[in-house]
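Text of input_11.cif (mmCIF, C-alpha atoms) as supplied:
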data_query
loop_
_atom_site.label_atom_id
_atom_site.label_comp_id
_atom_site.auth_asym_id
_atom_site.auth_seq_id
_atom_site.Cartn_x
_atom_site.Cartn_y
_atom_site.Cartn_z
CA MET A 215 103.25 87.56 108.82
CA LYS A 216 100.77 87.91 105.95
CA HIS A 217 99.55 91.38 104.99
CA THR A 218 96.63 92.06 102.65
CA VAL A 219 94.58 95.09 101.74
CA PHE A 220 91.14 94.03 100.50
CA HIS A 221 89.80 96.83 98.33
CA HIS A 222 87.24 97.74 95.65
CA LEU A 223 84.43 96.78 98.01
CA HIS A 224 81.33 98.20 99.66
CA LEU A 225 81.60 97.73 103.41
CA CYS A 226 78.87 97.21 106.01
CA PRO A 227 81.02 96.80 109.13
CA HIS A 228 78.29 96.68 111.81
CA GLY A 229 75.48 94.89 110.00
CA ASP A 230 73.56 98.15 109.53
CA PRO A 231 73.23 99.31 105.90
CA ALA A 232 72.94 102.88 107.15
CA ASP A 233 76.58 102.71 108.28
CA ALA A 234 77.89 101.42 104.96
CA ILE A 235 81.02 102.74 103.26
CA ALA A 236 80.64 102.87 99.47
CA ASP A 237 84.29 102.57 98.36
CA ALA A 238 86.16 100.90 101.18
CA ALA A 239 89.24 98.92 102.08
CA ILE A 240 90.19 96.49 104.86
CA ALA A 241 93.83 96.12 105.85
CA VAL A 242 94.50 92.72 107.42
CA GLY A 243 97.69 91.64 109.13
CA ASN A 244 98.20 88.14 110.53
CA GLY A 245 94.47 87.43 110.49
CA THR A 246 93.50 90.59 112.35
CA ILE A 247 91.95 93.79 111.00
CA ALA A 248 94.56 96.54 111.20
CA TRP A 249 92.43 99.25 109.64
CA LEU A 250 89.22 99.74 107.68
CA GLY A 251 87.49 102.69 106.11
CA PRO A 252 87.19 104.61 102.84
CA LEU A 253 89.86 103.56 100.37
CA ALA A 254 90.75 107.21 99.83
CA ASP A 255 91.75 107.40 103.52
CA LEU A 256 94.01 104.31 103.50
CA PRO A 257 97.01 105.20 105.71
CA ARG A 258 100.44 105.24 104.14
CA ASP A 259 101.50 102.40 106.46
CA TYR A 260 99.37 100.02 104.39
CA ALA A 261 99.87 101.52 100.94
CA ASP A 262 102.50 98.97 99.92
CA TRP A 263 100.72 95.89 101.25
CA PRO A 264 99.57 93.31 98.66
CA ARG A 265 96.08 94.06 97.31
CA ASP A 266 93.07 91.78 96.87
CA ASP A 267 90.45 93.29 94.55
CA LEU A 268 86.91 92.21 95.50
CA GLY A 269 85.37 93.59 92.33
CA GLY A 270 82.90 95.96 93.91
CA ALA A 271 81.27 93.29 96.08
CA TRP A 272 79.49 93.97 99.35
CA VAL A 273 81.28 92.85 102.53
CA THR A 274 79.59 92.18 105.88
CA PRO A 275 80.77 90.57 109.08
CA GLY A 276 80.64 86.80 108.94
CA LEU A 277 77.12 85.65 109.71
CA ILE A 278 76.24 83.99 113.01
CA ASP A 279 73.72 81.19 113.52
CA CYS A 280 73.12 81.60 117.24
CA HIS A 281 70.54 78.84 117.91
CA THR A 282 70.93 75.38 116.36
CA HIS A 283 70.52 71.74 117.24
CA LEU A 284 72.86 70.65 114.47
CA VAL A 285 74.08 67.34 115.98
CA TYR A 286 71.53 64.52 116.09
CA GLY A 287 70.70 61.10 114.70
CA GLY A 288 67.98 60.22 112.20
CA GLN A 289 65.27 62.51 110.84
CA ARG A 290 61.54 63.04 111.43
CA ALA A 291 59.99 63.39 108.00
CA ASP A 292 57.23 60.93 108.91
CA GLU A 293 56.21 63.10 111.86
CA PHE A 294 56.11 66.05 109.49
CA ALA A 295 53.65 64.06 107.39
CA GLN A 296 51.54 63.41 110.51
CA ARG A 297 51.38 67.10 111.27
CA LEU A 298 50.29 67.76 107.69
CA ALA A 299 47.47 65.30 108.36
CA GLY A 300 46.36 67.30 111.39
CA VAL A 301 48.18 65.78 114.37
CA SER A 302 49.59 68.47 116.70
CA TYR A 303 53.20 68.70 117.84
CA GLU A 304 52.08 68.12 121.43
CA GLU A 305 50.08 65.00 120.49
CA ILE A 306 53.08 63.54 118.67
CA ALA A 307 55.31 64.20 121.67
CA LYS A 308 52.86 62.56 124.09
CA LYS A 309 52.85 59.39 121.95
CA GLY A 310 56.62 58.96 122.16
CA GLY A 311 57.48 60.94 119.07
CA GLY A 312 58.97 64.38 118.84
CA ILE A 313 62.20 64.96 120.69
CA VAL A 314 62.19 61.50 122.25
CA SER A 315 62.24 59.76 118.85
CA THR A 316 65.37 61.71 117.96
CA VAL A 317 66.82 60.73 121.33
CA ARG A 318 66.57 57.07 120.38
CA ALA A 319 68.35 57.65 117.08
CA THR A 320 71.02 59.84 118.65
CA ARG A 321 71.81 57.38 121.42
CA ALA A 322 72.20 54.61 118.83
CA ALA A 323 74.53 56.59 116.55
CA SER A 324 78.32 56.58 116.84
CA GLU A 325 80.35 59.77 117.11
CA SER A 326 81.52 59.38 113.53
CA GLU A 327 77.95 58.90 112.31
CA LEU A 328 76.82 62.00 114.17
CA PHE A 329 79.79 63.96 112.83
CA ASN A 330 79.08 62.98 109.22
CA ALA A 331 75.38 63.79 109.52
CA ALA A 332 76.08 67.15 111.14
CA THR A 333 78.68 67.96 108.49
CA ALA A 334 76.03 67.68 105.80
CA ARG A 335 73.96 70.25 107.68
CA LEU A 336 76.86 72.56 108.50
CA GLU A 337 78.35 72.87 105.02
CA PRO A 338 75.38 74.75 103.47
CA LEU A 339 75.54 77.26 106.32
CA LEU A 340 79.25 77.84 105.77
CA ALA A 341 78.58 78.41 102.07
CA GLU A 342 76.19 81.22 103.08
CA GLY A 343 78.82 83.14 105.01
CA VAL A 344 78.37 81.69 108.51
CA THR A 345 81.60 81.99 110.51
CA ALA A 346 80.23 81.37 114.03
CA ILE A 347 77.54 78.99 115.20
CA GLU A 348 75.95 77.72 118.41
CA ILE A 349 75.28 73.98 118.68
CA LYS A 350 73.11 72.57 121.46
CA SER A 351 73.03 69.11 122.95
CA GLY A 352 69.67 67.77 124.19
CA TYR A 353 69.02 64.68 122.09
CA GLY A 354 71.01 62.39 124.36
CA LEU A 355 69.27 63.01 127.70
CA GLU A 356 71.82 60.80 129.45
CA LEU A 357 75.40 61.58 130.32
CA ALA A 358 77.16 59.41 127.72
CA ALA A 359 74.98 60.55 124.83
CA GLU A 360 75.06 64.22 125.81
CA ARG A 361 78.84 63.98 126.04
CA LYS A 362 78.93 62.38 122.59
CA MET A 363 76.91 65.23 121.07
CA LEU A 364 79.04 67.94 122.63
CA ARG A 365 82.25 66.21 121.59
CA VAL A 366 81.01 66.11 118.00
CA ALA A 367 80.15 69.81 118.18
CA ARG A 368 83.68 70.59 119.35
CA GLN A 369 85.08 68.45 116.52
CA LEU A 370 83.11 70.42 113.96
CA GLY A 371 84.78 73.58 115.20
CA GLU A 372 88.19 71.94 114.91
CA ARG A 373 87.65 70.52 111.43
CA PHE A 374 85.80 73.40 109.76
CA PRO A 375 86.51 77.15 109.50
CA VAL A 376 83.82 78.17 111.96
CA SER A 377 83.75 79.16 115.64
CA VAL A 378 81.50 76.69 117.46
CA TYR A 379 79.84 77.59 120.77
CA THR A 380 78.41 74.61 122.66
CA THR A 381 75.27 74.74 124.80
CA PHE A 382 74.23 72.00 127.21
CA LEU A 383 70.48 71.39 126.80
CA GLY A 384 70.08 68.35 129.01
CA ALA A 385 66.71 69.73 130.12
CA HIS A 386 65.24 69.47 126.63
CA ALA A 387 62.72 66.69 127.25
CA LEU A 388 62.00 63.96 129.77
CA PRO A 389 63.74 60.71 128.74
CA PRO A 390 61.63 57.54 128.78
CA GLU A 391 63.50 56.01 131.71
CA PHE A 392 62.42 58.99 133.85
CA ALA A 393 58.76 58.93 132.81
CA GLY A 394 56.67 60.51 135.57
CA ARG A 395 59.81 61.58 137.46
CA ALA A 396 60.68 64.96 136.04
CA ASP A 397 62.14 66.26 139.31
CA ASP A 398 64.42 63.25 139.55
CA TYR A 399 65.63 63.89 136.02
CA ILE A 400 66.36 67.52 136.86
CA ASP A 401 68.45 66.18 139.76
CA GLU A 402 70.39 64.11 137.22
CA VAL A 403 70.88 67.12 134.95
CA CYS A 404 72.00 69.45 137.75
CA ASN A 405 74.02 67.13 139.96
CA ARG A 406 75.61 64.66 137.56
CA MET A 407 75.43 65.61 133.89
CA LEU A 408 76.21 69.32 134.00
CA PRO A 409 79.12 69.05 136.48
CA ALA A 410 80.75 66.24 134.52
CA LEU A 411 80.41 67.91 131.12
CA ALA A 412 81.50 71.30 132.45
CA ASP A 413 84.59 69.74 134.05
CA GLU A 414 85.44 68.23 130.66
CA GLY A 415 85.34 71.66 129.02
CA LEU A 416 82.43 70.79 126.78
CA VAL A 417 79.94 73.46 127.89
CA ASP A 418 79.94 77.16 126.98
CA ALA A 419 76.34 77.87 128.09
CA VAL A 420 73.29 76.12 129.54
CA ASP A 421 69.78 76.04 128.06
CA VAL A 422 66.40 74.65 129.18
CA PHE A 423 63.07 74.06 127.42
CA CYS A 424 60.54 75.76 129.71
CA GLU A 425 57.14 74.76 128.36
CA ARG A 426 54.07 72.61 129.02
CA ILE A 427 55.72 69.69 127.18
CA GLY A 428 59.13 70.56 128.63
CA PHE A 429 59.94 71.68 132.16
CA THR A 430 58.25 73.96 134.64
CA PRO A 431 59.65 77.34 135.65
CA ALA A 432 60.63 75.88 139.04
CA GLN A 433 62.51 73.02 137.38
CA SER A 434 64.08 75.43 134.92
CA GLU A 435 65.27 77.62 137.75
CA ARG A 436 67.01 74.64 139.33
CA VAL A 437 68.97 74.19 136.10
CA PHE A 438 69.84 77.89 136.06
CA GLY A 439 71.04 77.63 139.65
CA ALA A 440 73.31 74.72 138.75
CA ALA A 441 74.71 76.74 135.83
CA ALA A 442 75.33 79.72 138.10
CA ARG A 443 77.33 77.54 140.49
CA ARG A 444 79.59 76.73 137.54
CA ASN A 445 79.71 80.36 136.37
CA LEU A 446 78.10 79.35 133.09
CA PRO A 447 75.76 81.73 131.23
CA VAL A 448 72.18 80.64 130.60
CA LYS A 449 69.56 80.93 127.89
CA MET A 450 66.06 79.51 127.48
CA HIS A 451 63.55 78.11 125.00
CA ALA A 452 60.81 80.39 126.25
CA GLU A 453 57.21 81.28 125.42
CA GLN A 454 57.08 79.18 122.25
CA LEU A 455 53.75 77.38 122.80
CA SER A 456 52.42 79.25 125.83
CA ASN A 457 53.42 81.98 128.26
CA SER A 458 55.25 80.27 131.12
CA HIS A 459 57.00 83.53 132.06
CA GLY A 460 60.30 81.94 131.19
CA ALA A 461 61.67 85.18 129.77
CA VAL A 462 61.27 86.88 133.15
CA LEU A 463 63.10 83.98 134.81
CA THR A 464 65.86 84.14 132.22
CA ALA A 465 66.24 87.87 132.77
CA ARG A 466 66.47 87.32 136.51
CA TYR A 467 69.58 85.23 135.85
CA ARG A 468 70.82 87.80 133.31
CA GLY A 469 70.53 85.21 130.57
CA LEU A 470 72.22 85.67 127.24
CA SER A 471 68.98 85.11 125.34
CA ALA A 472 65.39 84.00 125.45
CA ASP A 473 64.42 82.17 122.26
CA HIS A 474 61.20 81.62 120.23
CA LEU A 475 58.99 84.07 122.21
CA GLU A 476 55.74 83.86 120.23
CA PHE A 477 53.75 84.15 123.49
CA LEU A 478 55.99 86.71 125.18
CA ASP A 479 54.15 89.46 127.08
CA GLU A 480 55.12 93.02 127.97
CA ALA A 481 56.39 92.06 131.42
CA GLY A 482 58.78 89.62 129.78
CA VAL A 483 59.93 92.20 127.26
CA ALA A 484 60.58 94.76 129.98
CA ALA A 485 62.54 92.24 132.04
CA MET A 486 64.66 91.28 129.03
CA LYS A 487 65.44 94.93 128.32
CA ALA A 488 66.52 95.56 131.92
CA ALA A 489 68.76 92.47 131.93
CA GLY A 490 70.27 92.95 128.47
CA THR A 491 68.85 89.63 127.32
CA VAL A 492 68.65 89.15 123.54
CA ALA A 493 65.42 88.05 121.87
CA VAL A 494 66.25 85.23 119.44
CA LEU A 495 63.44 84.76 116.93
CA LEU A 496 63.18 81.52 114.98
CA PRO A 497 60.99 81.95 111.90
CA GLY A 498 61.78 78.47 110.58
CA ALA A 499 60.06 76.83 113.55
CA TYR A 500 57.18 79.30 113.39
CA TYR A 501 56.68 78.40 109.73
CA PHE A 502 57.22 74.66 110.04
CA ILE A 503 54.74 74.03 112.87
CA ARG A 504 52.21 76.42 111.30
CA GLU A 505 52.18 78.75 114.28
CA THR A 506 49.83 81.72 114.03
CA GLN A 507 50.84 83.69 117.15
CA LEU A 508 53.43 86.26 116.05
CA PRO A 509 56.28 87.28 118.36
CA PRO A 510 55.57 90.76 119.81
CA LEU A 511 57.79 92.73 117.44
CA ASP A 512 56.23 96.09 118.30
CA LEU A 513 56.93 95.57 122.00
CA LEU A 514 60.48 94.42 121.36
CA ARG A 515 61.10 97.48 119.23
CA ARG A 516 59.48 99.84 121.72
CA TYR A 517 61.70 98.55 124.52
CA GLU A 518 64.72 98.40 122.19
CA VAL A 519 65.45 94.77 122.96
CA PRO A 520 68.12 93.48 120.57
CA ILE A 521 66.64 90.91 118.18
CA ALA A 522 68.63 88.03 116.69
CA ILE A 523 67.52 85.64 113.96
CA SER A 524 68.59 82.01 113.70
CA THR A 525 67.79 78.78 111.87
CA ASP A 526 66.89 76.66 114.93
CA SER A 527 68.19 73.86 112.68
CA ASN A 528 66.66 70.70 114.16
CA PRO A 529 64.92 67.53 112.95
CA GLY A 530 61.43 68.15 114.29
CA THR A 531 60.40 71.75 113.90
CA SER A 532 62.95 73.52 111.70
CA PRO A 533 65.00 71.26 109.40
CA ALA A 534 66.63 74.38 107.96
CA THR A 535 70.18 74.82 106.72
CA SER A 536 69.87 78.33 105.27
CA LEU A 537 70.30 81.43 107.39
CA LEU A 538 69.49 83.61 104.37
CA LEU A 539 66.12 81.89 104.09
CA MET A 540 65.51 82.69 107.78
CA MET A 541 66.22 86.34 107.01
CA ASN A 542 63.61 86.23 104.25
CA MET A 543 61.10 84.52 106.54
CA ALA A 544 61.71 87.06 109.30
CA THR A 545 60.88 89.87 106.88
CA THR A 546 57.82 88.21 105.34
CA LEU A 547 56.37 86.40 108.37
CA PHE A 548 57.46 88.68 111.22
CA ARG A 549 57.41 91.97 109.24
CA MET A 550 61.00 92.78 110.16
CA THR A 551 63.06 95.22 108.09
CA VAL A 552 66.24 94.47 106.17
CA PRO A 553 68.46 96.35 108.67
CA GLU A 554 66.81 94.45 111.53
CA VAL A 555 67.40 91.02 110.05
CA LEU A 556 70.93 91.81 108.92
CA GLN A 557 71.87 92.95 112.41
CA GLY A 558 69.95 89.93 113.68
CA VAL A 559 72.46 87.57 112.07
CA THR A 560 75.53 89.67 112.92
CA ARG A 561 75.89 91.99 115.91
CA HIS A 562 72.79 90.91 117.86
CA ALA A 563 73.46 87.23 117.20
CA ALA A 564 76.95 87.75 118.61
CA ARG A 565 75.41 89.17 121.78
CA ALA A 566 73.16 86.11 122.03
CA LEU A 567 76.32 83.99 122.14
CA GLY A 568 77.96 86.21 124.74
CA ALA A 569 80.60 86.89 122.10
CA ALA A 570 79.96 90.50 121.04
CA ASP A 571 83.65 91.24 121.60
CA ARG A 572 84.67 88.62 119.04
CA HIS A 573 81.99 88.36 116.35
CA GLY A 574 79.30 90.34 114.60
CA THR A 575 81.14 93.53 113.70
CA LEU A 576 84.29 94.43 111.78
CA ALA A 577 86.72 96.76 113.50
CA PRO A 578 90.47 97.19 114.02
CA GLY A 579 91.85 94.62 116.42
CA ARG A 580 89.18 92.05 115.64
CA ALA A 581 89.59 88.86 113.66
CA ALA A 582 89.18 89.35 109.91
CA ASP A 583 86.06 87.19 109.57
CA PHE A 584 83.81 88.44 106.80
CA ALA A 585 81.51 87.41 103.97
CA VAL A 586 81.78 88.72 100.42
CA TRP A 587 78.47 89.03 98.59
CA SER A 588 77.84 89.16 94.85
CA VAL A 589 74.87 91.53 95.17
CA ALA A 590 74.19 95.10 94.14
CA SER A 591 72.24 95.84 97.33
CA LEU A 592 72.27 94.31 100.82
CA ALA A 593 68.48 94.04 100.54
CA GLU A 594 69.10 91.12 98.19
CA LEU A 595 70.26 89.01 101.14
CA ALA A 596 66.68 88.95 102.42
CA TYR A 597 65.08 89.05 98.96
CA TRP A 598 66.30 86.10 96.93
CA ILE A 599 65.08 82.61 97.83
CA GLY A 600 67.39 79.71 97.01
CA ARG A 601 69.89 81.73 95.01
CA PRO A 602 73.57 81.45 96.06
CA LEU A 603 74.75 84.93 96.98
CA CYS A 604 77.93 84.42 98.99
CA ALA A 605 80.92 84.66 96.65
CA ARG A 606 83.61 84.18 99.26
CA VAL A 607 84.20 83.73 102.98
CA VAL A 608 87.30 85.07 104.70
CA ARG A 609 88.16 83.82 108.16
CA ARG A 610 91.12 85.18 110.08
CA GLY A 611 92.27 86.83 106.89
CA GLN A 612 92.31 83.64 104.83
CA THR A 613 89.81 82.72 102.12
CA VAL A 614 88.12 79.53 103.33
CA TYR A 615 85.28 79.34 100.81
CA THR A 616 84.86 80.49 97.21
CA ARG A 617 81.67 79.82 95.29
CA ALA A 618 82.37 77.78 92.22
CA SER A 619 81.85 79.71 89.01
CA LYS A 620 79.57 78.24 86.38
#
Could you render the structure as C-alpha cells?
Amino acid sequence: MKHTVFHHLHLCPHGDPADAIADAAIAVGNGTIAWLGPLADLPRDYADWPRDDLGGAWVTPGLIDCHTHLVYGGQRADEFAQRLAGVSYEEIAKKGGGIVSTVRATRAASESELFNAATARLEPLLAEGVTAIEIKSGYGLELAAERKMLRVARQLGERFPVSVYTTFLGAHALPPEFAGRADDYIDEVCNRMLPALADEGLVDAVDVFCERIGFTPAQSERVFGAAARRNLPVKMHAEQLSNSHGAVLTARYRGLSADHLEFLDEAGVAAMKAAGTVAVLLPGAYYFIRETQLPPLDLLRRYEVPIAISTDSNPGTSPATSLLLMMNMATTLFRMTVPEVLQGVTRHAARALGAADRHGTLAPGRAADFAVWSVASLAELAYWIGRPLCARVVRRGQTVYTRASK
C-alpha cells in the first residue's frame, strides 16, 4: 500500500476559492484521501509517511468536462467557412450539412480511426487537469454506428487516466434514411437502439436534442420514457435556438442537466431548481455560432440553480479542446465570476454527471484525483488564454501527467 503526504501547497478542496487553505497537506493512502487540511494540523498517524513537496502550487479537484461529443469522424471546417459567409446553422442543416454530414463520416470510420481521432482531442483536455469527462454518441444514428461510438468512448476510459461517462444521444438528428419519418425514428431509438446498447452496458445516461431542427417535446418525452424504463438518468440539449420548454420537461423527469439554455425562461429555471437539475452552459458553442441571446444568468443565480461549464467539444459548433478557455469565455461572454466558473468545472459539473459522490470535491474517503497549478492565484485559471497552467495531474494518488519543463 502506497502512502504519500502531499504538502507545501495551497488547497481549494471544493472548487470555491473562499474555502481555500493557504498552507495545506493531503495524506493519500492506496489512491484514497485519508486526510486533508492545514499542514500544521497533520495528524501524527501521517507524520512519518513519505512527503511530496508541491512547491507552493495551488491544488484543486480534477476538472470535469461534463458535456462533450468527443468521438466522431471527419471535421466541418468548410461549414464554418459557410457560416462566416452568412449561411445560418439551420440552413446548413436543412441542406444535408451539420450533424448529418458528421454522421456520414462517422459511419464510414473504423473503431480504430475513431479512437485515434478522439485521442487527439482528449489529450489536450487531460493536460489541463481533466480527470472525468462525459462523451456522447449521436453521430451514428443507427445501431451499429452508435454502438461503435460508445465502445470507443469506453476504450478511452480504459486506455487513459480519466473517468469516462457515456451518454446515448441517438435522438440527436434525423438520419437521411428516416427523412420525413421522425416518429418512426424515435420508435427505432426507444425500442431497438437504447435497449440493445443498455443491455451491453454502454449507456450511463440518455440525452435528446429538443429543438426546431431536432425533436419535438413530445418525441423527446418518448425518449425519456424509454430511459426511465431502463432506470437510466436523462439530460437534454434544451433552449439553445428557441424556447421549446425542454428544461421543464427535463425537470419533470428529474434530469441530471439541461444544457445550452440561451432561451431558457423563468418557468424553466424554477422547474430546474425544484428538480435539482444542473444548468450546463456551453460558451464555446455560443461563441462559435455567433449567438447573441445570453443564458439567463441572473435568473439562475436568483433561483440558486447550480451552473456547470463545459467545452461541448464537437465538430460543428464548438471544436474546442480547452476547458480553461471555456472558463475564460464564461467570464467574458456570460459575465460569470471566477468562483462560479471554477465550481462550474468541479463540483457542479460532477452533479451534472450524477457523480457528485465521486468527483468534483476533495475529501477524506474520496479518490485522490487532483490538479496541481503553477499559478499564484486561482483567478489565473480564467485569466490566461493559451498559456499552459497545469503542472501536474494526480489520479488515484499517482502522478499521471507532468508538464514538460522548458
task = On this file, the PyMOL selection byres ((chain A and resi 374) around 10) gives some set of residues; write that set as a ChimeraX atom specification.
result = /A:333,336-337,340,345,369-373,375-378,614
inquiry  = Is it possible to get the residues within 10 Å of (76.4, 79.5, 131.5) (coordinates as in the file, counting only C-alpha atoms) written as a list in words?
reply    = Thr381, Phe382, Ala412, Val417, Asp418, Ala419, Val420, Asp421, Phe438, Gly439, Ala440, Ala441, Ala442, Arg443, Arg444, Asn445, Leu446, Pro447, Val448, Lys449, Tyr467, Gly469, Leu470 and Gly568 of chain A
request  = Please evaluate the PyMOL selection byres ((chain A and resi 553) around 9) against the displayed coordinates and give the resulting residues as a ChimeraX atom specification.
outcome  = /A:229-232,550-552,554-558,592-593
inquiry  = Calculated over only C-alpha atoms, which of the candidates A:Leu364, A:Ile523, A:Ile400, A:Leu357 has the smallest distance to Gly415 (chain A)?
reply    = A:Leu364
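Separating CA of Ala582 (chain A) from CA of Asp526 (chain A) is a distance of 26.1 Å.
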request  = Counting all atoms listed in the file, figure out which residue out of A:Arg395, A:Arg516, A:Arg466, A:Arg426 gets nearest to Glu304 (chain A).
outcome  = A:Arg426
Reference answer for the PyMOL selection byres ((chain A and resi 258-275) around 8), as a VMD selection string = chain A and resid 217 to 229 241 256 to 257 276 to 277 560 573 to 576 583 to 592
Near Leu388 (chain A), counting only C-alpha atoms, which residues have an atom at most 10 Å away, once you skip same-chain residues fewer than 2 positions from it, shown as an mmCIF file with C-alpha atoms, in the coordinates of the input?
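around.cif was written with the following content:
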data_model
loop_
_atom_site.group_PDB
_atom_site.id
_atom_site.type_symbol
_atom_site.label_atom_id
_atom_site.label_comp_id
_atom_site.auth_asym_id
_atom_site.auth_seq_id
_atom_site.Cartn_x
_atom_site.Cartn_y
_atom_site.Cartn_z
ATOM 1 C CA ILE A 313 62.200 64.960 120.690
ATOM 2 C CA VAL A 314 62.190 61.500 122.250
ATOM 3 C CA LEU A 355 69.270 63.010 127.700
ATOM 4 C CA GLY A 384 70.080 68.350 129.010
ATOM 5 C CA ALA A 385 66.710 69.730 130.120
ATOM 6 C CA HIS A 386 65.240 69.470 126.630
ATOM 7 C CA PRO A 390 61.630 57.540 128.780
ATOM 8 C CA GLU A 391 63.500 56.010 131.710
ATOM 9 C CA PHE A 392 62.420 58.990 133.850
ATOM 10 C CA ALA A 393 58.760 58.930 132.810
ATOM 11 C CA GLY A 394 56.670 60.510 135.570
ATOM 12 C CA ARG A 395 59.810 61.580 137.460
ATOM 13 C CA ALA A 396 60.680 64.960 136.040
ATOM 14 C CA ASP A 397 62.140 66.260 139.310
ATOM 15 C CA TYR A 399 65.630 63.890 136.020
ATOM 16 C CA ILE A 400 66.360 67.520 136.860
ATOM 17 C CA ILE A 427 55.720 69.690 127.180
ATOM 18 C CA GLY A 428 59.130 70.560 128.630
ATOM 19 C CA PHE A 429 59.940 71.680 132.160
#
Nearest to Gly498 (chain A) by atom-to-atom distance, counting all atoms listed in the file, from A:Leu298, A:Met450, A:Ala534, A:Glu476 = A:Ala534
query = Of the residues A:Thr464, A:Ser326, A:Thr535, A:Thr506, which is the one nearest to Ala341 (chain A), using all atoms listed in the file?
reply = A:Thr535
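Among the candidates A:Thr282, A:Ile235, A:Lys309, A:Lys216, the one nearest to Ile247 (chain A) when counting all atoms listed in the file is A:Lys216.
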key: Nearest to Ala563 (chain A), chosen from A:Glu348, A:Glu480, A:Glu594, A:Glu453, with all atoms listed in the file counted in the distances   = A:Glu348
Per-axis box centre and lengths in Å around region 319-323 of chain A, 4 Å margin per side, axis-aligned, as lines of an AutoDock Vina configuration file:
center_x = 71.4
center_y = 57.2
center_z = 119.0
size_x = 14.2
size_y = 13.2
size_z = 12.9
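CA of Arg297 (chain A) to CA of His281 (chain A) spans 23.4 Å [interatomic distance, one decimal].
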task = Give me, please, the distance in Å between CA of His451 (chain A) and CA of Gln507 (chain A), quoted to one decimal.
result = 15.9 Å
inquiry  = With 9 Å as the threshold, what does the neighbourhood of (89.4, 93.9, 113.9) contain in terms of residues, counting only C-alpha atoms? Coordinates are those of the file; answer as a PyMOL selection string.
reply    = chain A and resi 242+245-250+572+575-583
